[in-house]
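Data file: my_file.tsv. Format and content: TSV, N, CA and C atoms.
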```tsv
chain	number	residue	atom	x	y	z
J	1	MET	N	0.84	-1.17	0.00
J	1	MET	CA	0.00	0.00	0.00
J	1	MET	C	0.89	1.24	0.00
J	2	GLN	N	0.61	2.16	-0.89
J	2	GLN	CA	1.42	3.36	-1.00
J	2	GLN	C	0.67	4.56	-0.46
J	3	PHE	N	1.27	5.29	0.43
J	3	PHE	CA	0.70	6.52	0.95
J	3	PHE	C	1.74	7.58	0.73
J	4	LEU	N	1.45	8.53	0.61
J	4	LEU	CA	0.69	9.67	0.34
J	4	LEU	C	1.55	10.71	-0.28
J	5	HIS	N	2.09	11.57	0.38
J	5	HIS	CA	2.57	12.86	-0.12
J	5	HIS	C	1.40	13.52	-0.82
J	6	ILE	N	0.63	14.23	-0.04
J	6	ILE	CA	-0.58	14.85	-0.55
J	6	ILE	C	-0.40	16.35	-0.65
J	7	LEU	N	-1.12	16.91	-1.54
J	7	LEU	CA	-1.19	18.35	-1.66
J	7	LEU	C	-2.66	18.69	-1.68
J	8	LEU	N	-3.07	19.49	-0.74
J	8	LEU	CA	-4.49	19.81	-0.62
J	8	LEU	C	-4.73	21.27	-0.95
J	9	THR	N	-5.86	21.52	-1.51
J	9	THR	CA	-6.36	22.88	-1.57
J	9	THR	C	-7.65	22.90	-0.78
J	10	CYS	N	-7.81	23.91	0.03
J	10	CYS	CA	-8.97	23.96	0.90
J	10	CYS	C	-9.74	25.25	0.66
J	11	ASN	N	-11.05	25.15	0.77
J	11	ASN	CA	-11.91	26.32	0.79
J	11	ASN	C	-12.35	26.52	2.24
J	12	PHE	N	-12.34	27.77	2.69
J	12	PHE	CA	-12.62	28.08	4.08
J	12	PHE	C	-13.83	29.00	4.21
J	13	THR	N	-14.51	28.87	5.35
J	13	THR	CA	-15.55	29.83	5.71
J	13	THR	C	-14.85	31.07	6.26
J	14	PRO	N	-15.55	32.19	6.42
J	14	PRO	CA	-14.91	33.38	7.00
J	14	PRO	C	-14.31	33.13	8.38
J	15	SER	N	-14.85	32.16	9.13
J	15	SER	CA	-14.29	31.86	10.46
J	15	SER	C	-13.10	30.93	10.40
J	16	GLY	N	-12.70	30.49	9.19
J	16	GLY	CA	-11.51	29.67	9.04
J	16	GLY	C	-11.77	28.19	9.01
J	17	ASN	N	-13.02	27.76	8.94
J	17	ASN	CA	-13.32	26.33	8.89
J	17	ASN	C	-13.25	25.82	7.45
J	18	VAL	N	-12.82	24.60	7.31
J	18	VAL	CA	-12.73	23.99	5.99
J	18	VAL	C	-14.13	23.61	5.52
J	19	THR	N	-14.49	24.04	4.33
J	19	THR	CA	-15.78	23.64	3.76
J	19	THR	C	-15.59	22.59	2.67
J	20	GLU	N	-14.41	22.56	2.10
J	20	GLU	CA	-14.14	21.60	1.05
J	20	GLU	C	-12.63	21.49	0.89
J	21	PHE	N	-12.15	20.30	0.61
J	21	PHE	CA	-10.75	20.17	0.22
J	21	PHE	C	-10.68	19.26	-0.98
J	22	VAL	N	-9.64	19.45	-1.75
J	22	VAL	CA	-9.46	18.67	-2.97
J	22	VAL	C	-8.07	18.08	-2.93
J	23	TRP	N	-8.00	16.79	-3.15
J	23	TRP	CA	-6.73	16.09	-3.21
J	23	TRP	C	-6.15	16.35	-4.58
J	24	LEU	N	-5.07	17.10	-4.64
J	24	LEU	CA	-4.55	17.55	-5.92
J	24	LEU	C	-3.55	16.60	-6.55
J	25	HIS	N	-2.70	16.02	-5.73
J	25	HIS	CA	-1.60	15.27	-6.34
J	25	HIS	C	-1.07	14.25	-5.36
J	26	ASN	N	-0.84	13.06	-5.82
J	26	ASN	CA	-0.22	12.03	-5.00
J	26	ASN	C	1.28	12.08	-5.24
J	27	ASN	N	2.06	11.85	-4.21
J	27	ASN	CA	3.51	11.82	-4.28
J	27	ASN	C	4.13	13.18	-4.56
J	28	SER	N	3.51	14.26	-4.11
J	28	SER	CA	4.13	15.57	-4.22
J	28	SER	C	5.10	15.74	-3.05
J	29	THR	N	6.01	16.68	-3.17
J	29	THR	CA	6.97	16.93	-2.11
J	29	THR	C	6.36	17.87	-1.09
J	30	MET	N	6.50	17.52	0.18
J	30	MET	CA	5.94	18.34	1.24
J	30	MET	C	7.06	18.95	2.07
J	31	ALA	N	6.73	20.00	2.79
J	31	ALA	CA	7.70	20.68	3.64
J	31	ALA	C	8.14	19.75	4.77
J	32	THR	N	9.31	20.03	5.31
J	32	THR	CA	9.86	19.24	6.40
J	32	THR	C	8.90	19.26	7.59
J	33	ASN	N	8.65	18.08	8.14
J	33	ASN	CA	7.79	17.89	9.30
J	33	ASN	C	6.45	18.59	9.17
J	34	ASP	N	5.84	18.40	8.04
J	34	ASP	CA	4.51	18.93	7.79
J	34	ASP	C	3.50	17.98	8.41
J	35	ILE	N	2.91	18.40	9.52
J	35	ILE	CA	1.92	17.58	10.22
J	35	ILE	C	0.55	18.18	9.97
J	36	GLU	N	-0.35	17.36	9.44
J	36	GLU	CA	-1.70	17.79	9.15
J	36	GLU	C	-2.66	16.96	9.99
J	37	ILE	N	-3.63	17.63	10.61
J	37	ILE	CA	-4.60	16.94	11.44
J	37	ILE	C	-5.99	17.44	11.05
J	38	PHE	N	-6.87	16.50	10.74
J	38	PHE	CA	-8.24	16.80	10.35
J	38	PHE	C	-9.13	16.54	11.56
J	39	THR	N	-9.91	17.56	11.95
J	39	THR	CA	-10.63	17.53	13.22
J	39	THR	C	-12.05	18.08	13.10
J	40	ILE	N	-12.80	17.92	14.19
J	40	ILE	CA	-14.03	18.67	14.42
J	40	ILE	C	-13.95	19.20	15.85
J	41	PRO	N	-14.56	20.35	16.14
J	41	PRO	CA	-14.39	20.98	17.45
J	41	PRO	C	-14.91	20.17	18.63
J	42	THR	N	-15.91	19.33	18.44
J	42	THR	CA	-16.52	18.60	19.55
J	42	THR	C	-15.85	17.26	19.85
J	43	CYS	N	-14.78	16.95	19.17
J	43	CYS	CA	-14.13	15.63	19.29
J	43	CYS	C	-13.07	15.64	20.39
J	44	PRO	N	-13.27	14.86	21.46
J	44	PRO	CA	-12.27	14.84	22.53
J	44	PRO	C	-10.93	14.23	22.09
J	45	PHE	N	-10.95	13.28	21.17
J	45	PHE	CA	-9.70	12.68	20.71
J	45	PHE	C	-8.93	13.64	19.80
J	46	CYS	N	-9.65	14.52	19.11
J	46	CYS	CA	-8.98	15.56	18.32
J	46	CYS	C	-8.20	16.47	19.26
J	47	GLN	N	-8.83	16.88	20.36
J	47	GLN	CA	-8.15	17.75	21.32
J	47	GLN	C	-6.96	17.03	21.95
J	48	LYS	N	-7.13	15.76	22.29
J	48	LYS	CA	-6.02	14.99	22.86
J	48	LYS	C	-4.86	14.91	21.88
J	49	ALA	N	-5.15	14.70	20.60
J	49	ALA	CA	-4.09	14.61	19.58
J	49	ALA	C	-3.36	15.95	19.46
J	50	LYS	N	-4.11	17.04	19.42
J	50	LYS	CA	-3.49	18.36	19.33
J	50	LYS	C	-2.64	18.63	20.57
J	51	ASP	N	-3.16	18.28	21.75
J	51	ASP	CA	-2.40	18.47	22.99
J	51	ASP	C	-1.12	17.63	22.97
J	52	LYS	N	-1.20	16.40	22.48
J	52	LYS	CA	-0.03	15.51	22.43
J	52	LYS	C	1.04	16.11	21.51
J	53	LEU	N	0.61	16.65	20.37
J	53	LEU	CA	1.55	17.29	19.45
J	53	LEU	C	2.19	18.52	20.10
J	54	LYS	N	1.37	19.35	20.74
J	54	LYS	CA	1.89	20.55	21.41
J	54	LYS	C	2.84	20.18	22.53
J	55	ASP	N	2.48	19.16	23.32
J	55	ASP	CA	3.33	18.72	24.43
J	55	ASP	C	4.70	18.25	23.96
J	56	ASN	N	4.76	17.81	22.70
J	56	ASN	CA	6.02	17.35	22.13
J	56	ASN	C	6.64	18.38	21.20
J	57	TYR	N	6.18	19.64	21.32
J	57	TYR	CA	6.72	20.78	20.58
J	57	TYR	C	6.68	20.58	19.07
J	58	LEU	N	5.60	19.98	18.59
J	58	LEU	CA	5.44	19.74	17.16
J	58	LEU	C	4.37	20.67	16.61
J	59	ASP	N	4.73	21.45	15.61
J	59	ASP	CA	3.78	22.32	14.94
J	59	ASP	C	2.93	21.50	14.00
J	60	PHE	N	1.70	21.93	13.78
J	60	PHE	CA	0.80	21.21	12.89
J	60	PHE	C	-0.17	22.18	12.24
J	61	THR	N	-0.76	21.72	11.16
J	61	THR	CA	-1.84	22.45	10.50
J	61	THR	C	-3.13	21.70	10.77
J	62	GLU	N	-4.10	22.42	11.30
J	62	GLU	CA	-5.38	21.80	11.63
J	62	GLU	C	-6.40	22.16	10.57
J	63	TYR	N	-7.17	21.17	10.14
J	63	TYR	CA	-8.28	21.39	9.21
J	63	TYR	C	-9.57	20.99	9.91
J	64	ASP	N	-10.40	21.97	10.19
J	64	ASP	CA	-11.70	21.74	10.82
J	64	ASP	C	-12.68	21.34	9.71
J	65	ILE	N	-13.18	20.12	9.76
J	65	ILE	CA	-14.07	19.63	8.70
J	65	ILE	C	-15.54	19.70	9.10
J	66	SER	N	-15.86	20.36	10.21
J	66	SER	CA	-17.21	20.30	10.77
J	66	SER	C	-18.29	20.94	9.90
J	67	HIS	N	-17.94	21.87	9.04
J	67	HIS	CA	-18.97	22.56	8.26
J	67	HIS	C	-19.46	21.76	7.05
J	68	ASN	N	-18.78	20.72	6.70
J	68	ASN	CA	-19.20	19.84	5.61
J	68	ASN	C	-18.76	18.43	5.98
J	69	GLU	N	-19.07	18.06	7.21
J	69	GLU	CA	-18.47	16.89	7.85
J	69	GLU	C	-18.67	15.57	7.12
J	70	GLU	N	-19.88	15.25	6.76
J	70	GLU	CA	-20.14	13.94	6.14
J	70	GLU	C	-19.39	13.78	4.83
J	71	GLU	N	-19.47	14.78	3.98
J	71	GLU	CA	-18.78	14.70	2.69
J	71	GLU	C	-17.26	14.66	2.88
J	72	LEU	N	-16.74	15.48	3.79
J	72	LEU	CA	-15.30	15.51	4.01
J	72	LEU	C	-14.79	14.24	4.67
J	73	ARG	N	-15.60	13.61	5.51
J	73	ARG	CA	-15.21	12.32	6.09
J	73	ARG	C	-15.08	11.27	4.98
J	74	ARG	N	-16.01	11.29	4.03
J	74	ARG	CA	-15.92	10.34	2.90
J	74	ARG	C	-14.68	10.61	2.06
J	75	LYS	N	-14.38	11.90	1.84
J	75	LYS	CA	-13.19	12.24	1.06
J	75	LYS	C	-11.91	11.84	1.79
J	76	LEU	N	-11.89	12.03	3.11
J	76	LEU	CA	-10.72	11.59	3.90
J	76	LEU	C	-10.55	10.08	3.79
J	77	ALA	N	-11.66	9.34	3.90
J	77	ALA	CA	-11.59	7.88	3.80
J	77	ALA	C	-11.03	7.46	2.46
J	78	GLU	N	-11.44	8.15	1.41
J	78	GLU	CA	-10.91	7.84	0.07
J	78	GLU	C	-9.43	8.21	-0.03
J	79	MET	N	-9.08	9.39	0.45
J	79	MET	CA	-7.71	9.87	0.36
J	79	MET	C	-6.75	8.98	1.14
J	80	PHE	N	-7.17	8.56	2.34
J	80	PHE	CA	-6.31	7.75	3.20
J	80	PHE	C	-6.56	6.25	3.03
J	81	GLU	N	-7.39	5.90	2.09
J	81	GLU	CA	-7.71	4.49	1.78
J	81	GLU	C	-8.22	3.74	3.02
J	82	ILE	N	-9.19	4.33	3.70
J	82	ILE	CA	-9.81	3.71	4.87
J	82	ILE	C	-10.94	2.81	4.39
J	83	PRO	N	-10.85	1.51	4.64
J	83	PRO	CA	-11.79	0.55	4.06
J	83	PRO	C	-13.26	0.79	4.39
J	84	SER	N	-13.57	1.33	5.55
J	84	SER	CA	-14.97	1.52	5.92
J	84	SER	C	-15.68	2.55	5.06
J	85	GLY	N	-14.92	3.38	4.36
J	85	GLY	CA	-15.51	4.41	3.52
J	85	GLY	C	-15.89	5.67	4.27
J	86	ARG	N	-15.67	5.68	5.58
J	86	ARG	CA	-15.98	6.87	6.38
J	86	ARG	C	-14.92	7.02	7.45
J	87	ALA	N	-14.23	8.12	7.42
J	87	ALA	CA	-13.13	8.36	8.35
J	87	ALA	C	-13.65	8.88	9.68
J	88	THR	N	-13.06	8.41	10.76
J	88	THR	CA	-13.28	9.01	12.07
J	88	THR	C	-12.32	10.19	12.18
J	89	VAL	N	-12.46	10.96	13.22
J	89	VAL	CA	-11.51	12.04	13.46
J	89	VAL	C	-10.91	11.86	14.85
J	90	PRO	N	-9.67	12.28	15.02
J	90	PRO	CA	-8.83	12.97	14.05
J	90	PRO	C	-8.22	11.99	13.05
J	91	GLN	N	-7.81	12.53	11.92
J	91	GLN	CA	-6.98	11.81	10.96
J	91	GLN	C	-5.71	12.63	10.83
J	92	ILE	N	-4.56	11.94	10.86
J	92	ILE	CA	-3.27	12.64	10.93
J	92	ILE	C	-2.33	12.11	9.86
J	93	ALA	N	-1.64	13.04	9.20
J	93	ALA	CA	-0.59	12.69	8.24
J	93	ALA	C	0.65	13.49	8.62
J	94	ILE	N	1.80	12.84	8.53
J	94	ILE	CA	3.08	13.50	8.81
J	94	ILE	C	3.96	13.36	7.59
J	95	ASN	N	4.37	14.50	7.06
J	95	ASN	CA	5.20	14.52	5.85
J	95	ASN	C	4.59	13.67	4.75
J	96	GLY	N	3.27	13.77	4.64
J	96	GLY	CA	2.56	13.08	3.57
J	96	GLY	C	2.30	11.62	3.82
J	97	LYS	N	2.70	11.12	4.98
J	97	LYS	CA	2.45	9.71	5.30
J	97	LYS	C	1.31	9.63	6.31
J	98	TYR	N	0.29	8.89	5.93
J	98	TYR	CA	-0.86	8.71	6.80
J	98	TYR	C	-0.45	7.88	8.00
J	99	ILE	N	-0.75	8.39	9.22
J	99	ILE	CA	-0.41	7.60	10.41
J	99	ILE	C	-1.64	7.09	11.14
J	100	GLY	N	-2.81	7.69	10.92
J	100	GLY	CA	-4.02	7.24	11.59
J	100	GLY	C	-4.59	8.33	12.48
J	101	GLY	N	-5.12	7.93	13.63
J	101	GLY	CA	-5.76	8.86	14.54
J	101	GLY	C	-4.97	9.05	15.82
J	102	TYR	N	-5.68	9.43	16.87
J	102	TYR	CA	-5.03	9.71	18.15
J	102	TYR	C	-4.28	8.51	18.71
J	103	SER	N	-4.90	7.34	18.69
J	103	SER	CA	-4.25	6.15	19.26
J	103	SER	C	-2.93	5.84	18.58
J	104	GLU	N	-2.90	5.96	17.27
J	104	GLU	CA	-1.67	5.69	16.52
J	104	GLU	C	-0.62	6.75	16.81
J	105	LEU	N	-1.04	8.02	16.90
J	105	LEU	CA	-0.10	9.09	17.24
J	105	LEU	C	0.50	8.86	18.62
J	106	LYS	N	-0.35	8.55	19.58
J	106	LYS	CA	0.11	8.31	20.95
J	106	LYS	C	1.12	7.16	20.99
J	107	GLU	N	0.82	6.08	20.28
J	107	GLU	CA	1.72	4.92	20.24
J	107	GLU	C	3.06	5.29	19.61
J	108	LEU	N	3.03	6.05	18.53
J	108	LEU	CA	4.28	6.47	17.88
J	108	LEU	C	5.13	7.31	18.82
J	109	ILE	N	4.49	8.22	19.54
J	109	ILE	CA	5.24	9.08	20.45
J	109	ILE	C	5.76	8.28	21.64
J	110	ASN	N	4.90	7.48	22.25
J	110	ASN	CA	5.30	6.72	23.45
J	110	ASN	C	6.36	5.67	23.15
J	111	SER	N	6.35	5.11	21.95
J	111	SER	CA	7.33	4.08	21.59
J	111	SER	C	8.63	4.66	21.04
J	112	GLY	N	8.64	5.97	20.80
J	112	GLY	CA	9.83	6.61	20.22
J	112	GLY	C	9.94	6.42	18.72
J	113	LYS	N	8.90	5.88	18.10
J	113	LYS	CA	8.95	5.63	16.66
J	113	LYS	C	8.51	6.83	15.82
J	114	LEU	N	8.07	7.90	16.46
J	114	LEU	CA	7.64	9.08	15.70
J	114	LEU	C	8.76	9.63	14.83
J	115	ASN	N	10.01	9.51	15.32
J	115	ASN	CA	11.15	10.02	14.56
J	115	ASN	C	11.28	9.41	13.18
J	116	GLN	N	10.73	8.21	12.98
J	116	GLN	CA	10.76	7.59	11.65
J	116	GLN	C	9.97	8.40	10.64
J	117	TYR	N	9.01	9.19	11.12
J	117	TYR	CA	8.16	9.99	10.25
J	117	TYR	C	8.67	11.42	10.11
J	118	LEU	N	9.50	11.85	11.03
J	118	LEU	CA	10.00	13.21	11.02
J	118	LEU	C	11.29	13.28	10.22
J	119	LYS	N	11.52	14.41	9.62
J	119	LYS	CA	12.75	14.62	8.83
J	119	LYS	C	13.74	15.44	9.60
```
In structure tokens, write the structure found in this file.
Amino acid sequence: MQFLHILLTCNFTPSGNVTEFVWLHNNSTMATNDIEIFTIPTCPFCQKAKDKLKDNYLDFTEYDISHNEEELRRKLAEMFEIPSGRATVPQIAINGKYIGGYSELKELINSGKLNQYLK
């Protein structure tokens, strides 16, 4: 299975929420330690993931998908090749490599394996 190196274009509401994103290119080059997290405001695991990243001094780009949640969850599932066809949140990619959600992020950090994803 090949993942990712994604390049996204996003449309935002005036408050900064993502209303739509488009997967533009597979295998594009991404910036060093580009961490992307797809969230909704009411998700406790999204907050835990963001806190875990902050606690480890890792910058990230957050995409709030709450304003078009069902459609964007389906697009995330397609983009990250999630078999159920509907992504839970958070969904996290590091340097274009899909890592999963909060549990996978926590395991990578606690096991010391996160460095394999960082440049």
- Message: Excluding segment 36-38 of chain J and its own-chain neighbours fewer than 4 positions away, which residues fall within 6.5 Å of it when counting all atoms listed in the file? Please give them as a list in words.
- Response: Phe60, Thr61, Glu62, Tyr63, Asp64, Ile65, Val89, Pro90, Gln91, Ile92, Ala93, Ile94 and Asn95 of chain J
- Compare J:Ile35, J:Leu76, J:Ile40, J:Leu114 by their minimum atom-to-atom distance to Leu58 of chain J, counting all atoms listed in the file, and give me the closest one. J:Ile35
Counting only C-alpha atoms, which residues in segment 20-96 of chain J sit no more than 10 Å from segment 107-112 of chain J? For each one, give the nearest pair of atoms and the distance in Å, sorted by chain then residue number, as JSON lines.
```
{"residue": "J:Lys52", "atom": "CA", "partner": "J:Ile109", "partner_atom": "CA", "distance": 8.5}
{"residue": "J:Leu53", "atom": "CA", "partner": "J:Ile109", "partner_atom": "CA", "distance": 9.1}
{"residue": "J:Asn56", "atom": "CA", "partner": "J:Ile109", "partner_atom": "CA", "distance": 8.5}
```
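A straight line drawn from atom CA of Glu70 of chain J to atom CA of Arg86 of chain J is 8.2 Å long.
For the pair atom C of Lys50 of chain J and atom CA of Gly101 of chain J, the separation is 11.9 Å.
Here atom CA of Asp51 of chain J and atom CA of Ser66 of chain J stand 19.3 Å from one another.
Take the candidates J:Thr88, J:Thr42, J:Gln47, J:Asn33 and check each one against Lys75 of chain J using only C-alpha atoms; the shortest distance goes to J:Thr88.
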As JSON, what would the box around segment 46-65 of chain J look like: edges along x, y and z, 5 Å added on every side, centre and edge lengths in Å to one decimal?
```
{"center_x": -4.4, "center_y": 18.5, "center_z": 16.6, "size_x": 32.3, "size_y": 17.9, "size_z": 25.7}
```
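Minimum atom-to-atom distance to Asp59 of chain J, evaluated using only N, CA and C atoms, belongs to J:Asp34 out of J:Cys43, J:Asn115, J:Ser103, J:Asp34.
Ranking J:Ser84, J:Pro44, J:Thr39, J:Ala49 by their shortest atom-to-atom distance to Lys106 of chain J, with only N, CA and C atoms included, puts J:Ala49 first.
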